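What follows is a short report on a single structure.
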Amino acid sequence: MIRMILLGAPGSGKGTQAQRLKAKYGVPQISSGDLLRDAVARGTELGLQAKVAMNSGQLVSDDIVLGLIRERLSAPDAAKGFVLDGFPRNIDQADALDRMLEGIKQRLDAVVLLDVRPETLMRRLAGRRTCPNCGAVYNVFFSPPTAENRCDRCGHAELIQRPDDQDEVIAKRLEVYQAQTRPLVAHYKKKGLLRIVAGEGPLDEVFARMESAALHTLKSDSAKLAEKIEVKASAGGRRAAKSGTVRATSAAKKKSRRASAAAKKRGMPAKVVKVAKVDRPAKQKPSRAAKKSRSGKTPRLQKKAAKAANSVKKAVTRFATAVRKKFSKATKTKAGKKK
Ligand code: AMP
């Protein structure tokens with residue numbers, strides 16, 4: 001289970017890496033750009049509204065984007081995790097995402113920033129070509145098709161350039177990124193979720209770096225959780241042990257079992273969770289009532305002691321009466337003999 005955001009400027013490779021995460025971890029890639037392009041292609045009302053902003057390199061209004069994301073996040077496949085690509089794009093969207101996740105009782109595991117130099121971004125975006133038939137993606141600078149402008153995969157004769165990959169639109173998109181999206185870096189850093197990964201170099205290497213950064217966050221998160229669980233479990237154990245009974249041991253074990261199950265559910269290694277062992281009851285500390293009592297006994301023990309003292313008293317009385325009776329009998333017999 002992984003719930004993460006891929007952050008980065010247009011052209012930083014979020015889409016490519018998100019697809020790899022999807023393939024490896026089986027979680028859906030949720031790309032706001034793809035959702036918007038789909039709405040545009042279907043010619044929906046939302047799509048028509050979004051198209052103008054998209055073609056000029058501006059952000060589409062939060063209302064439209066949030067509606068699409070909310071719907072997508074509530075799809076059954078997103079319940080087991082997701083990789084958000086291109087969303088959120090500003091602080092308001094990030095806050096809205098927090099509320100959405102709160103509503104469905106989920107939380108983010110990691111935010112990975114793919115860090116790429118502006119000149120590389122320009123070449124990646126301006127050189128990108130797509131096959132309109134099968135969706136294969138090329139780059140005229142880094143990974144051109146074998147035959148110029150022809151798709152290697154399906155043989156389609158003309159590759160196209162996305163309207164927002166034109167030079168002047170790219171410049172606008174990068175400007176919008178700096179002004180509106182870049183502040184999310186500090187935002188998620190403050191939340192302790194941010195990991196920065198160098199986004200240049202061979203795709204496999206970027207993926208490995210990104211994976212280890214995301215998993216590092218997950219691991220440390222799990223470790224924190226394990227600690228929390230461990231403390232809770234041992235606190236439960238201690239509390240249970242205080243009562244000094246066999247029941248205390250099973251209560252502590254039950255808590256530990258629950259802790260292990262919770263950790264396992266989060267994909268955490270089971271061995272991280274130490275089971276709080278409470279085999280022997282801990283030393284019983286005197287309660288406040290006992291501290292107050294002069295005898296140092298708890299009210300329950302006081303009651304027990306009083307009962308015991310009472311029965312001893314009764315036994316002594318019975319013994320004394322019997323002795324007295326015997327003595328008086330003996331005295332009477334002696335006196336009769338004298339007569
Ligand atoms: P992308 O494919 O992520 O680069 O997105 C392409 C275009 O879609 C952007 O330039 C924006 O116009 C629009 N877009 C994508 N995601 C968002 C978002 N989260 N908020 C607003 N606009 C977005």
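Ligands are numbered from 1 in the order shown, chains are lettered A, B, ... in the order of the structure tokens, and residues start at 1 in each chain.
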Kindly assemble as CSV a list of the chain A residues that lie within 8 Å of ligand 1, each paired with its nearest atom pair and their distance in Å to one decimal, using only C-alpha atoms and all ligand atoms, sorted first by chain and then by ascending residue number.
```
residue,atom,partner,partner_atom_place_in_ligand_line,distance
A:Pro10,CA,ligand 1,4 (O),5.1
A:Gly11,CA,ligand 1,4 (O),7.3
A:Gly15,CA,ligand 1,2 (O),7.9
A:Ser31,CA,ligand 1,3 (O),6.6
A:Ser32,CA,ligand 1,16 (N),4.3
A:Gly33,CA,ligand 1,15 (C),3.7
A:Asp34,CA,ligand 1,2 (O),6.1
A:Leu36,CA,ligand 1,8 (O),6.2
A:Arg37,CA,ligand 1,8 (O),7.2
A:Ala50,CA,ligand 1,12 (O),7.4
A:Lys51,CA,ligand 1,12 (O),7.8
A:Ala53,CA,ligand 1,12 (O),5.5
A:Met54,CA,ligand 1,12 (O),3.5
A:Asn55,CA,ligand 1,12 (O),6.9
A:Ser56,CA,ligand 1,12 (O),7.4
A:Gly57,CA,ligand 1,10 (O),4.8
A:Gln58,CA,ligand 1,12 (O),4.9
A:Leu59,CA,ligand 1,22 (N),3.7
A:Val60,CA,ligand 1,22 (N),3.9
A:Ser61,CA,ligand 1,21 (C),6.0
A:Asp62,CA,ligand 1,20 (N),6.2
A:Val65,CA,ligand 1,20 (N),5.7
A:Leu66,CA,ligand 1,19 (N),7.9
A:Asp85,CA,ligand 1,3 (O),6.8
A:Gly86,CA,ligand 1,3 (O),4.3
A:Phe87,CA,ligand 1,19 (N),4.1
A:Pro88,CA,ligand 1,19 (N),4.9
A:Arg89,CA,ligand 1,19 (N),4.6
A:Asn90,CA,ligand 1,20 (N),7.4
A:Gln93,CA,ligand 1,19 (N),7.3
A:Asp164,CA,ligand 1,10 (O),6.9
A:Arg173,CA,ligand 1,10 (O),5.8
```
Just list as a list of chain:residue names whatever in segment 10-144 of chain A DSSP marks as strand (DSSP E or B). A:Gln29, A:Ile30, A:Ser31, A:Gly81, A:Phe82, A:Val83, A:Leu84, A:Asp85, A:Ala110, A:Val111, A:Val112, A:Leu113, A:Leu114, A:Asp115, A:Arg128, A:Arg129, A:Thr130, A:Val137, A:Tyr138, A:Asn139, A:Ser143
Could you write out the selected residues, including C-alpha atoms, as a compact mmCIF listing (two decimals), in the first residue's frame?
```txt
# COMPACT_ATOMS: atom_id res chain seq x y z
CA GLN A 29 -1.65 6.55 -11.34
CA ILE A 30 -3.97 9.52 -10.89
CA SER A 31 -2.89 12.26 -13.26
CA GLY A 81 -3.28 3.33 -2.64
CA PHE A 82 -2.42 5.76 -5.44
CA VAL A 83 0.27 7.82 -7.07
CA LEU A 84 -0.87 11.39 -7.68
CA ASP A 85 0.81 12.93 -10.71
CA ALA A 110 5.24 10.42 0.84
CA VAL A 111 5.73 13.36 -1.49
CA VAL A 112 8.60 12.91 -3.93
CA LEU A 113 9.98 15.90 -5.80
CA LEU A 114 11.67 15.05 -9.10
CA ASP A 115 14.35 17.67 -9.39
CA ARG A 128 8.15 15.41 -26.88
CA ARG A 129 6.13 13.73 -29.63
CA THR A 130 3.22 11.34 -29.17
CA VAL A 137 5.84 8.72 -26.47
CA TYR A 138 9.13 9.83 -28.10
CA ASN A 139 11.55 12.70 -27.73
CA SER A 143 14.65 9.03 -27.79
```
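Residues lying within 12 Å of Pro183 of chain A, counting only C-alpha atoms and ignoring same-chain neighbours fewer than 4 positions away, are A:Leu7, A:Gly8, A:Ala9, A:Pro88, A:Arg89, A:Asn90, A:Ile91, A:Asp92, A:Gln93, A:Ala94, A:Leu113, A:Val176, A:Tyr177, A:Gln178, A:Ala179, A:His187, A:Tyr188, A:Lys189, A:Lys190.
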